[in-house]
Amino acid sequence: MNLLLTVDVEPDYTTGTSDPYYHLRNDFKRFLDLLKRNDVAATLFICGVVARDIQDMLLDFVDYFDIGVHTHPDFHPEYRDGIKKLNLYSVEEQFQMIKRDYDMIHQNLGVRPNVFRAGKLAADRNTLQLLKKLDINMDSSLLIPYIFRLRAIKHKPWRVHLQDGVTRIPILAADSRVLEASFKLKNVFIKLLDNGAPVCIMFHSWWLKGYNLAKVERLFSKNRYCNLNDFLKGFEF
């Protein structure tokens with residue numbers, strides 16, 4: 001399989017500990033080291049507060065991985081106890097959250113991201129228009145159904161496409177489903193239909209807590225991974 005590996009890099013407020021970044025400094029750092037050892041390309045969608053609060057760790061990886069913006073209302077204190085989905089906020093509120101994350105990544109990591117992912121994949125047409133204001137020209141906030149309907153196959157829903165002037169990168173599977181046999185079979189199916197087109201997968205940084213990295217490493221050894229530029233070369237618009 002040819003895969004675009006992406007990871008949503010988020011704090012974890014569910015453990016009851018006083019440090020929501022503990023998993024990032026430990027399990028997730030080991031995961032990133034594993035990627036580097038295996039020469040695996042990946043795109044990290046980073047929340048602004050993460051870029052600010054564990055800048056020291058992330059600076060070791062920004063030259064190796066593609067960096068994207070990850071905006072989730074849960075990680076904006078003024079919205080954390082409110083609506084969970086970005087697209088349910090006003091246009092102005094969406095813009096304030098996205099721009100704040102973008103600016104924090106730029107200020108702390110020294111990069112200007114050009115790719116975006118919304119928390120809970122909750123992006124709408126307003127979100128896409130706002131991305132263009134920040135010169136972000138790619139979005140990966142679209143999850144492809146795990147079971148294709150036959151009538152949808154002709155549209156090749158795993159493929160990159162343009163929407164409202166933004167390049168959209170659909171996600172084919174997330175977290176544990178990436179390790180299932182059914183995901184591998186699905187990619188055999190796509191290879192037959194689409195001449196081995198590369199597909200995008202997603203992990204969450206908190207999902208990797210305490211996970212058997214040896215099992216994940218076996219996944220890496222059996223596939224080819226591409227960065228964003230190489231991934232986009234596989235498609236024609």
# chains A, B, ... in the order shown; residues from 1 in each chain; ligands from 1
$ residues_around --residues "range 198-202 of chain A" --least-positions-apart "5" --cutoff "7 Å" --atoms "only C-alpha atoms" --output "PyMOL selection string"
chain A and resi 2-7+158+170-175+231+234
$ select_by_dssp --residues "range 31-110 of chain A" --states "strand (DSSP E)" --output "list in words"
Thr43, Leu44, Phe45, Ile46, Asp66, Ile67, Gly68, Val69, His70 and Thr71 of chain A
$ closest_residue --among "A:Ser90, A:Ser176, A:Ser141, A:Thr43" --to "Pro113 in chain A" --atoms "only C-alpha atoms"
A:Thr43
$ residues_around --residues "Ile190 in chain A" --least-positions-apart "4" --cutoff "10 Å" --atoms "only C-alpha atoms" --output "compact mmCIF listing (two decimals) with N, CA and C atoms, in the first residue's frame"
# COMPACT_ATOMS: atom_id res chain seq x y z
N MET A 1 0.84 -1.19 0.00
CA MET A 1 0.00 0.00 0.00
C MET A 1 0.88 1.25 0.00
N ILE A 153 -18.58 4.07 -5.95
CA ILE A 153 -17.24 3.66 -6.38
C ILE A 153 -16.77 4.42 -7.60
N LYS A 156 -14.68 7.35 -6.99
CA LYS A 156 -13.39 7.13 -6.34
C LYS A 156 -13.24 8.02 -5.09
N TRP A 158 -11.84 7.85 -2.34
CA TRP A 158 -10.56 7.91 -1.65
C TRP A 158 -9.62 8.93 -2.29
N LYS A 184 -6.54 -3.74 4.85
CA LYS A 184 -5.61 -4.23 3.83
C LYS A 184 -6.37 -4.73 2.60
N LEU A 185 -7.49 -5.43 2.83
CA LEU A 185 -8.29 -5.93 1.71
C LEU A 185 -8.88 -4.77 0.92
N LYS A 186 -9.30 -3.72 1.63
CA LYS A 186 -9.85 -2.55 0.95
C LYS A 186 -8.81 -1.93 0.02
N ASP A 194 -8.00 1.54 -9.14
CA ASP A 194 -7.38 2.86 -9.31
C ASP A 194 -5.86 2.76 -9.46
N ASN A 195 -5.38 1.65 -9.92
CA ASN A 195 -3.96 1.47 -10.23
C ASN A 195 -3.07 1.82 -9.04
N GLY A 196 -3.49 1.38 -7.85
CA GLY A 196 -2.65 1.57 -6.68
C GLY A 196 -2.56 2.98 -6.18
N ALA A 197 -3.64 3.76 -6.29
CA ALA A 197 -3.61 5.14 -5.81
C ALA A 197 -3.28 5.18 -4.32
N PRO A 198 -2.44 6.13 -3.89
CA PRO A 198 -2.15 6.24 -2.46
C PRO A 198 -3.37 6.72 -1.69
N VAL A 199 -3.45 6.33 -0.41
CA VAL A 199 -4.59 6.73 0.42
C VAL A 199 -4.07 7.33 1.72
$ residues_around --residues "range 107-111 of chain A" --least-positions-apart "6" --cutoff "12 Å" --atoms "only C-alpha atoms" --output "PyMOL selection string"
chain A and resi 46-63+65-69+99-101
$ closest_atom_pairs --of "range 94-137 of chain A" --to "range 70-88 of chain A" --cutoff "6 Å" --atoms "only C-alpha atoms" --output "tab-separated table"
residue	atom	partner	partner_atom	distance
A:Ile98	CA	A:Thr71	CA	5.8
A:Arg117	CA	A:His70	CA	5.0
A:Ala118	CA	A:Thr71	CA	5.2
A:Gly119	CA	A:His72	CA	4.3
A:Ala122	CA	A:Asn87	CA	5.5
A:Ala123	CA	A:Asn87	CA	5.3
A:Asp124	CA	A:Asn87	CA	5.8
$ write_last_selection --atoms "C-alpha atoms" --output "PDB file, in the first residue's frame"
ATOM      1  CA  ILE A  98      -8.010  28.657  13.305  1.00  0.00           C
ATOM      2  CA  ARG A 117      -7.650  19.367   9.853  1.00  0.00           C
ATOM      3  CA  ALA A 118     -10.658  20.223  12.004  1.00  0.00           C
ATOM      4  CA  GLY A 119     -11.318  18.456  15.286  1.00  0.00           C
ATOM      5  CA  ALA A 122     -16.088  19.159  11.448  1.00  0.00           C
ATOM      6  CA  ALA A 123     -15.283  21.483   8.552  1.00  0.00           C
ATOM      7  CA  ASP A 124     -17.849  23.096   6.248  1.00  0.00           C
TER       8      ASP A 124
END
$ atom_distance --atom1 "CA of Thr167 in chain A" --atom2 "CA of Lys133 in chain A"
14.4 Å
$ closest_residue --among "A:Leu24, A:Leu128, A:Ala41, A:Leu179" --to "Val216 in chain A" --atoms "only C-alpha atoms"
A:Leu179
$ residues_around --residues "Gln129 in chain A" --least-positions-apart "3" --cutoff "9 Å" --atoms "only C-alpha atoms" --output "list in words"
Asp124, Arg125, Asn126, Lys132, Lys133, Asp164, Gly165 and Val166 of chain A
$ write_last_selection --atoms "N, CA and C atoms" --output "mmCIF file, in the first residue's frame"
data_model
loop_
_atom_site.group_PDB
_atom_site.id
_atom_site.type_symbol
_atom_site.label_atom_id
_atom_site.label_comp_id
_atom_site.auth_asym_id
_atom_site.auth_seq_id
_atom_site.Cartn_x
_atom_site.Cartn_y
_atom_site.Cartn_z
ATOM 1 N N ASP A 124 -16.812 22.858 7.259
ATOM 2 C CA ASP A 124 -17.849 23.096 6.248
ATOM 3 C C ASP A 124 -17.324 24.076 5.202
ATOM 4 N N ARG A 125 -18.198 24.530 4.343
ATOM 5 C CA ARG A 125 -17.759 25.438 3.267
ATOM 6 C C ARG A 125 -17.226 26.744 3.835
ATOM 7 N N ASN A 126 -17.798 27.221 4.945
ATOM 8 C CA ASN A 126 -17.270 28.419 5.587
ATOM 9 C C ASN A 126 -15.830 28.191 6.038
ATOM 10 N N LYS A 132 -8.488 29.760 3.078
ATOM 11 C CA LYS A 132 -7.842 30.501 1.981
ATOM 12 C C LYS A 132 -7.357 31.871 2.447
ATOM 13 N N LYS A 133 -8.025 32.457 3.435
ATOM 14 C CA LYS A 133 -7.575 33.749 3.965
ATOM 15 C C LYS A 133 -6.211 33.631 4.634
ATOM 16 N N ASP A 164 -14.300 24.230 -3.607
ATOM 17 C CA ASP A 164 -14.250 25.657 -3.281
ATOM 18 C C ASP A 164 -12.819 26.189 -3.271
ATOM 19 N N GLY A 165 -12.016 25.704 -4.197
ATOM 20 C CA GLY A 165 -10.653 26.195 -4.333
ATOM 21 C C GLY A 165 -9.660 25.623 -3.345
ATOM 22 N N VAL A 166 -10.085 24.645 -2.538
ATOM 23 C CA VAL A 166 -9.205 24.011 -1.554
ATOM 24 C C VAL A 166 -9.026 22.538 -1.934
#
$ select_by_dssp --residues "range 1-235 of chain A" --states "helix (DSSP H, G or I)" --output "PyMOL selection string"
chain A and resi 22-37+48-53+55-58+73-75+86-88+91-109+119-121+125-133+150-153+175-179+181-194+205-208+213-221+228-233
$ atom_distance --atom1 "CA of Asp27 in chain A" --atom2 "CA of Thr14 in chain A"
15.7 Å
$ closest_residue --among "A:Val178, A:Leu130, A:Asn137, A:Glu10" --to "Arg218 in chain A" --atoms "only C-alpha atoms"
A:Val178
